[in-house]
$ cat upload-v2.pdb   # PDB, N, CA and C atoms
ATOM      1  N   MET A  30     116.340  72.814  90.553  1.00  0.00           N
ATOM      2  CA  MET A  30     115.679  73.294  91.744  1.00  0.00           C
ATOM      3  C   MET A  30     114.186  73.016  91.581  1.00  0.00           C
ATOM      4  N   SER A  31     113.558  72.499  92.605  1.00  0.00           N
ATOM      5  CA  SER A  31     112.138  72.168  92.511  1.00  0.00           C
ATOM      6  C   SER A  31     111.289  73.437  92.596  1.00  0.00           C
ATOM      7  N   ALA A  32     110.056  73.329  92.192  1.00  0.00           N
ATOM      8  CA  ALA A  32     109.148  74.480  92.193  1.00  0.00           C
ATOM      9  C   ALA A  32     108.867  74.948  93.612  1.00  0.00           C
ATOM     10  N   GLY A  33     108.785  74.026  94.558  1.00  0.00           N
ATOM     11  CA  GLY A  33     108.535  74.402  95.947  1.00  0.00           C
ATOM     12  C   GLY A  33     109.687  75.197  96.544  1.00  0.00           C
ATOM     13  N   ALA A  34     110.899  74.780  96.255  1.00  0.00           N
ATOM     14  CA  ALA A  34     112.072  75.497  96.761  1.00  0.00           C
ATOM     15  C   ALA A  34     112.180  76.873  96.120  1.00  0.00           C
ATOM     16  N   PHE A  35     111.876  76.951  94.826  1.00  0.00           N
ATOM     17  CA  PHE A  35     111.914  78.237  94.150  1.00  0.00           C
ATOM     18  C   PHE A  35     110.855  79.176  94.721  1.00  0.00           C
ATOM     19  N   ALA A  36     109.662  78.668  94.976  1.00  0.00           N
ATOM     20  CA  ALA A  36     108.603  79.485  95.559  1.00  0.00           C
ATOM     21  C   ALA A  36     108.999  79.960  96.957  1.00  0.00           C
ATOM     22  N   PHE A  37     109.642  79.106  97.730  1.00  0.00           N
ATOM     23  CA  PHE A  37     110.092  79.469  99.071  1.00  0.00           C
ATOM     24  C   PHE A  37     111.143  80.580  98.996  1.00  0.00           C
ATOM     25  N   LEU A  38     112.091  80.469  98.076  1.00  0.00           N
ATOM     26  CA  LEU A  38     113.110  81.498  97.935  1.00  0.00           C
ATOM     27  C   LEU A  38     112.513  82.832  97.478  1.00  0.00           C
ATOM     28  N   VAL A  39     111.546  82.779  96.585  1.00  0.00           N
ATOM     29  CA  VAL A  39     110.883  84.007  96.135  1.00  0.00           C
ATOM     30  C   VAL A  39     110.129  84.643  97.297  1.00  0.00           C
ATOM     31  N   LEU A  40     109.464  83.845  98.099  1.00  0.00           N
ATOM     32  CA  LEU A  40     108.724  84.348  99.254  1.00  0.00           C
ATOM     33  C   LEU A  40     109.670  85.012 100.254  1.00  0.00           C
ATOM     34  N   ILE A  41     110.806  84.400 100.519  1.00  0.00           N
ATOM     35  CA  ILE A  41     111.794  84.969 101.434  1.00  0.00           C
ATOM     36  C   ILE A  41     112.351  86.271 100.868  1.00  0.00           C
ATOM     37  N   ALA A  42     112.648  86.302  99.568  1.00  0.00           N
ATOM     38  CA  ALA A  42     113.206  87.509  98.944  1.00  0.00           C
ATOM     39  C   ALA A  42     112.203  88.657  98.991  1.00  0.00           C
ATOM     40  N   VAL A  43     110.948  88.383  98.712  1.00  0.00           N
ATOM     41  CA  VAL A  43     109.925  89.431  98.744  1.00  0.00           C
ATOM     42  C   VAL A  43     109.729  89.923 100.171  1.00  0.00           C
ATOM     43  N   GLY A  44     109.697  89.009 101.121  1.00  0.00           N
ATOM     44  CA  GLY A  44     109.523  89.407 102.518  1.00  0.00           C
ATOM     45  C   GLY A  44     110.686  90.213 103.050  1.00  0.00           C
ATOM     46  N   ALA A  45     111.897  89.845 102.676  1.00  0.00           N
ATOM     47  CA  ALA A  45     113.078  90.563 103.156  1.00  0.00           C
ATOM     48  C   ALA A  45     113.218  91.923 102.483  1.00  0.00           C
ATOM     49  N   SER A  46     112.737  92.057 101.272  1.00  0.00           N
ATOM     50  CA  SER A  46     112.865  93.339 100.584  1.00  0.00           C
ATOM     51  C   SER A  46     111.830  94.344 101.047  1.00  0.00           C
ATOM     52  N   ALA A  47     110.791  93.904 101.734  1.00  0.00           N
ATOM     53  CA  ALA A  47     109.716  94.805 102.139  1.00  0.00           C
ATOM     54  C   ALA A  47     109.880  95.326 103.555  1.00  0.00           C
ATOM     55  N   CYS A  48     110.930  94.952 104.263  1.00  0.00           N
ATOM     56  CA  CYS A  48     111.057  95.406 105.643  1.00  0.00           C
ATOM     57  C   CYS A  48     111.941  96.643 105.716  1.00  0.00           C
ATOM     58  N   GLY A  49     111.462  97.655 106.405  1.00  0.00           N
ATOM     59  CA  GLY A  49     112.243  98.862 106.599  1.00  0.00           C
ATOM     60  C   GLY A  49     112.059  99.869 105.481  1.00  0.00           C
ATOM     61  N   ARG A  50     112.785 100.977 105.622  1.00  0.00           N
ATOM     62  CA  ARG A  50     112.750 102.029 104.624  1.00  0.00           C
ATOM     63  C   ARG A  50     114.076 102.081 103.895  1.00  0.00           C
ATOM     64  N   ARG A  51     114.034 102.597 102.705  1.00  0.00           N
ATOM     65  CA  ARG A  51     115.245 102.719 101.914  1.00  0.00           C
ATOM     66  C   ARG A  51     116.024 103.937 102.390  1.00  0.00           C
ATOM     67  N   GLY A  52     117.299 103.810 102.520  1.00  0.00           N
ATOM     68  CA  GLY A  52     118.134 104.935 102.893  1.00  0.00           C
ATOM     69  C   GLY A  52     118.950 104.642 104.130  1.00  0.00           C
ATOM     70  N   ALA A  53     119.650 105.665 104.574  1.00  0.00           N
ATOM     71  CA  ALA A  53     120.527 105.521 105.734  1.00  0.00           C
ATOM     72  C   ALA A  53     119.706 105.418 107.021  1.00  0.00           C
ATOM     73  N   LEU A  54     120.330 104.847 108.039  1.00  0.00           N
ATOM     74  CA  LEU A  54     119.673 104.758 109.333  1.00  0.00           C
ATOM     75  C   LEU A  54     119.593 106.134 109.977  1.00  0.00           C
ATOM     76  N   GLU A  55     118.541 106.351 110.764  1.00  0.00           N
ATOM     77  CA  GLU A  55     118.388 107.611 111.474  1.00  0.00           C
ATOM     78  C   GLU A  55     118.997 107.469 112.860  1.00  0.00           C
ATOM     79  N   PRO A  56     119.685 108.495 113.339  1.00  0.00           N
ATOM     80  CA  PRO A  56     120.233 108.405 114.691  1.00  0.00           C
ATOM     81  C   PRO A  56     119.110 108.467 115.722  1.00  0.00           C
ATOM     82  N   PRO A  57     119.304 107.894 116.900  1.00  0.00           N
ATOM     83  CA  PRO A  57     118.262 107.968 117.927  1.00  0.00           C
ATOM     84  C   PRO A  57     118.089 109.406 118.401  1.00  0.00           C
ATOM     85  N   PRO A  58     116.909 109.749 118.927  1.00  0.00           N
ATOM     86  CA  PRO A  58     116.693 111.124 119.380  1.00  0.00           C
ATOM     87  C   PRO A  58     117.559 111.442 120.593  1.00  0.00           C
ATOM     88  N   ASP A  59     117.896 112.711 120.720  1.00  0.00           N
ATOM     89  CA  ASP A  59     118.707 113.179 121.846  1.00  0.00           C
ATOM     90  C   ASP A  59     117.867 113.126 123.122  1.00  0.00           C
ATOM     91  N   PRO A  60     118.297 112.418 124.159  1.00  0.00           N
ATOM     92  CA  PRO A  60     117.484 112.325 125.376  1.00  0.00           C
ATOM     93  C   PRO A  60     117.395 113.647 126.130  1.00  0.00           C
ATOM     94  N   ASN A  61     118.294 114.585 125.873  1.00  0.00           N
ATOM     95  CA  ASN A  61     118.272 115.868 126.567  1.00  0.00           C
ATOM     96  C   ASN A  61     117.511 116.940 125.791  1.00  0.00           C
ATOM     97  N   ALA A  62     116.981 116.607 124.637  1.00  0.00           N
ATOM     98  CA  ALA A  62     116.284 117.589 123.815  1.00  0.00           C
ATOM     99  C   ALA A  62     114.922 117.910 124.419  1.00  0.00           C
ATOM    100  N   VAL A  63     114.499 119.158 124.242  1.00  0.00           N
ATOM    101  CA  VAL A  63     113.198 119.610 124.731  1.00  0.00           C
ATOM    102  C   VAL A  63     112.181 119.386 123.626  1.00  0.00           C
ATOM    103  N   ALA A  64     111.051 118.800 123.983  1.00  0.00           N
ATOM    104  CA  ALA A  64     110.007 118.532 122.999  1.00  0.00           C
ATOM    105  C   ALA A  64     109.348 119.840 122.586  1.00  0.00           C
ATOM    106  N   LYS A  65     109.117 120.005 121.277  1.00  0.00           N
ATOM    107  CA  LYS A  65     108.462 121.197 120.763  1.00  0.00           C
ATOM    108  C   LYS A  65     107.000 120.888 120.486  1.00  0.00           C
ATOM    109  N   ALA A  66     106.159 121.874 120.695  1.00  0.00           N
ATOM    110  CA  ALA A  66     104.745 121.728 120.367  1.00  0.00           C
ATOM    111  C   ALA A  66     104.578 121.861 118.856  1.00  0.00           C
ATOM    112  N   ALA A  67     103.527 121.257 118.330  1.00  0.00           N
ATOM    113  CA  ALA A  67     103.293 121.294 116.887  1.00  0.00           C
ATOM    114  C   ALA A  67     102.965 122.714 116.429  1.00  0.00           C
ATOM    115  N   ASN A  68     102.151 123.410 117.196  1.00  0.00           N
ATOM    116  CA  ASN A  68     101.833 124.797 116.847  1.00  0.00           C
ATOM    117  C   ASN A  68     102.327 125.675 117.999  1.00  0.00           C
ATOM    118  N   GLU A  69     103.350 126.439 117.734  1.00  0.00           N
ATOM    119  CA  GLU A  69     103.998 127.223 118.775  1.00  0.00           C
ATOM    120  C   GLU A  69     103.543 128.678 118.786  1.00  0.00           C
ATOM    121  N   ASP A  70     102.352 128.960 118.270  1.00  0.00           N
ATOM    122  CA  ASP A  70     101.837 130.323 118.283  1.00  0.00           C
ATOM    123  C   ASP A  70     101.315 130.625 119.690  1.00  0.00           C
ATOM    124  N   PRO A  71     101.944 131.572 120.425  1.00  0.00           N
ATOM    125  CA  PRO A  71     101.506 131.825 121.804  1.00  0.00           C
ATOM    126  C   PRO A  71     100.150 132.514 121.884  1.00  0.00           C
ATOM    127  N   ASN A  72      99.686 133.156 120.809  1.00  0.00           N
ATOM    128  CA  ASN A  72      98.402 133.853 120.825  1.00  0.00           C
ATOM    129  C   ASN A  72      97.229 132.923 120.548  1.00  0.00           C
ATOM    130  N   ARG A  73      97.517 131.728 120.102  1.00  0.00           N
ATOM    131  CA  ARG A  73      96.464 130.781 119.759  1.00  0.00           C
ATOM    132  C   ARG A  73      96.280 129.798 120.911  1.00  0.00           C
ATOM    133  N   PRO A  74      95.060 129.699 121.443  1.00  0.00           N
ATOM    134  CA  PRO A  74      94.852 128.766 122.564  1.00  0.00           C
ATOM    135  C   PRO A  74      94.919 127.315 122.096  1.00  0.00           C
ATOM    136  N   GLN A  75      95.335 126.456 123.002  1.00  0.00           N
ATOM    137  CA  GLN A  75      95.419 125.025 122.706  1.00  0.00           C
ATOM    138  C   GLN A  75      94.019 124.420 122.823  1.00  0.00           C
ATOM    139  N   ILE A  76      93.540 123.819 121.755  1.00  0.00           N
ATOM    140  CA  ILE A  76      92.212 123.208 121.732  1.00  0.00           C
ATOM    141  C   ILE A  76      92.379 121.719 121.480  1.00  0.00           C
ATOM    142  N   ALA A  77      91.798 120.940 122.363  1.00  0.00           N
ATOM    143  CA  ALA A  77      91.845 119.487 122.188  1.00  0.00           C
ATOM    144  C   ALA A  77      90.639 119.066 121.351  1.00  0.00           C
ATOM    145  N   HIS A  78      90.910 118.453 120.206  1.00  0.00           N
ATOM    146  CA  HIS A  78      89.825 118.006 119.338  1.00  0.00           C
ATOM    147  C   HIS A  78      89.451 116.574 119.691  1.00  0.00           C
ATOM    148  N   LYS A  79      88.154 116.331 119.801  1.00  0.00           N
ATOM    149  CA  LYS A  79      87.685 114.977 120.052  1.00  0.00           C
ATOM    150  C   LYS A  79      87.644 114.227 118.727  1.00  0.00           C
ATOM    151  N   PRO A  80      88.149 113.015 118.697  1.00  0.00           N
ATOM    152  CA  PRO A  80      88.063 112.246 117.446  1.00  0.00           C
ATOM    153  C   PRO A  80      86.626 111.828 117.176  1.00  0.00           C
ATOM    154  N   LYS A  81      86.327 111.646 115.909  1.00  0.00           N
ATOM    155  CA  LYS A  81      84.990 111.195 115.536  1.00  0.00           C
ATOM    156  C   LYS A  81      84.776 109.774 116.033  1.00  0.00           C
ATOM    157  N   PRO A  82      83.568 109.454 116.477  1.00  0.00           N
ATOM    158  CA  PRO A  82      83.323 108.079 116.930  1.00  0.00           C
ATOM    159  C   PRO A  82      83.407 107.103 115.757  1.00  0.00           C
ATOM    160  N   VAL A  83      83.864 105.904 116.049  1.00  0.00           N
ATOM    161  CA  VAL A  83      84.004 104.874 115.030  1.00  0.00           C
ATOM    162  C   VAL A  83      82.641 104.247 114.784  1.00  0.00           C
ATOM    163  N   VAL A  84      82.229 104.236 113.534  1.00  0.00           N
ATOM    164  CA  VAL A  84      80.940 103.658 113.167  1.00  0.00           C
ATOM    165  C   VAL A  84      81.200 102.282 112.566  1.00  0.00           C
ATOM    166  N   PRO A  85      80.676 101.222 113.194  1.00  0.00           N
ATOM    167  CA  PRO A  85      80.897  99.885 112.631  1.00  0.00           C
ATOM    168  C   PRO A  85      80.136  99.717 111.318  1.00  0.00           C
ATOM    169  N   PRO A  86      80.673  98.932 110.391  1.00  0.00           N
ATOM    170  CA  PRO A  86      79.974  98.717 109.119  1.00  0.00           C
ATOM    171  C   PRO A  86      78.701  97.912 109.324  1.00  0.00           C
ATOM    172  N   LYS A  87      77.727  98.151 108.453  1.00  0.00           N
ATOM    173  CA  LYS A  87      76.438  97.466 108.592  1.00  0.00           C
ATOM    174  C   LYS A  87      76.460  96.048 108.034  1.00  0.00           C
ATOM    175  N   GLU A  88      77.262  95.816 106.992  1.00  0.00           N
ATOM    176  CA  GLU A  88      77.324  94.469 106.421  1.00  0.00           C
ATOM    177  C   GLU A  88      78.436  93.676 107.098  1.00  0.00           C
ATOM    178  N   PRO A  89      78.236  92.389 107.297  1.00  0.00           N
ATOM    179  CA  PRO A  89      79.264  91.579 107.965  1.00  0.00           C
ATOM    180  C   PRO A  89      80.468  91.368 107.045  1.00  0.00           C
ATOM    181  N   PHE A  90      81.615  91.176 107.663  1.00  0.00           N
ATOM    182  CA  PHE A  90      82.857  90.918 106.937  1.00  0.00           C
ATOM    183  C   PHE A  90      83.034  89.414 106.804  1.00  0.00           C
ATOM    184  N   VAL A  91      83.776  88.988 105.807  1.00  0.00           N
ATOM    185  CA  VAL A  91      83.956  87.564 105.516  1.00  0.00           C
ATOM    186  C   VAL A  91      84.604  86.834 106.700  1.00  0.00           C
ATOM    187  N   LEU A  92      85.547  87.465 107.386  1.00  0.00           N
ATOM    188  CA  LEU A  92      86.287  86.810 108.461  1.00  0.00           C
ATOM    189  C   LEU A  92      85.653  87.006 109.838  1.00  0.00           C
ATOM    190  N   ASP A  93      84.460  87.604 109.921  1.00  0.00           N
ATOM    191  CA  ASP A  93      83.813  87.812 111.214  1.00  0.00           C
ATOM    192  C   ASP A  93      83.570  86.515 111.995  1.00  0.00           C
ATOM    193  N   PRO A  94      83.209  85.397 111.365  1.00  0.00           N
ATOM    194  CA  PRO A  94      83.007  84.170 112.155  1.00  0.00           C
ATOM    195  C   PRO A  94      84.271  83.695 112.875  1.00  0.00           C
ATOM    196  N   LEU A  95      85.463  84.079 112.381  1.00  0.00           N
ATOM    197  CA  LEU A  95      86.691  83.651 113.059  1.00  0.00           C
ATOM    198  C   LEU A  95      86.909  84.396 114.361  1.00  0.00           C
ATOM    199  N   LEU A  96      86.333  85.575 114.498  1.00  0.00           N
ATOM    200  CA  LEU A  96      86.489  86.349 115.721  1.00  0.00           C
ATOM    201  C   LEU A  96      85.537  85.825 116.746  1.00  0.00           C
TER
END
$ encode --input "upload-v2.pdb" --output "structure tokens"
Amino acid sequence: MSAGAFAFLVLIAVGASACGRRGALEPPPDPNAVAKAANEDPNRPQIAHKPKPVVPPKEPFVLDPLL
């Protein structure tokens, strides 16, 4: 087997082994199920938190000219 073919097979094996999670498949969610809130405490008011603004880096990135 040539080195190129061996490298191709190794690349395919590594790529195929990295897809998905290990274990059994999960069943799809029930379409009739009622969605639950993350915090179901009725005495606590719901507060929407604003995300922090994204700060761009000051130094340029190597691949910036490609954009």
$ atom_distance --input "upload-v2.pdb" --atom1 "CA of Pro58 (chain A)" --atom2 "atom C of Ser46 (chain A)"
25.3 Å
$ atom_distance --input "upload-v2.pdb" --atom1 "CA of Lys79 (chain A)" --atom2 "CA of Leu96 (chain A)"
29.0 Å
$ atom_distance --input "upload-v2.pdb" --atom1 "CA of Ala53 (chain A)" --atom2 "CA of Ile41 (chain A)"
22.7 Å
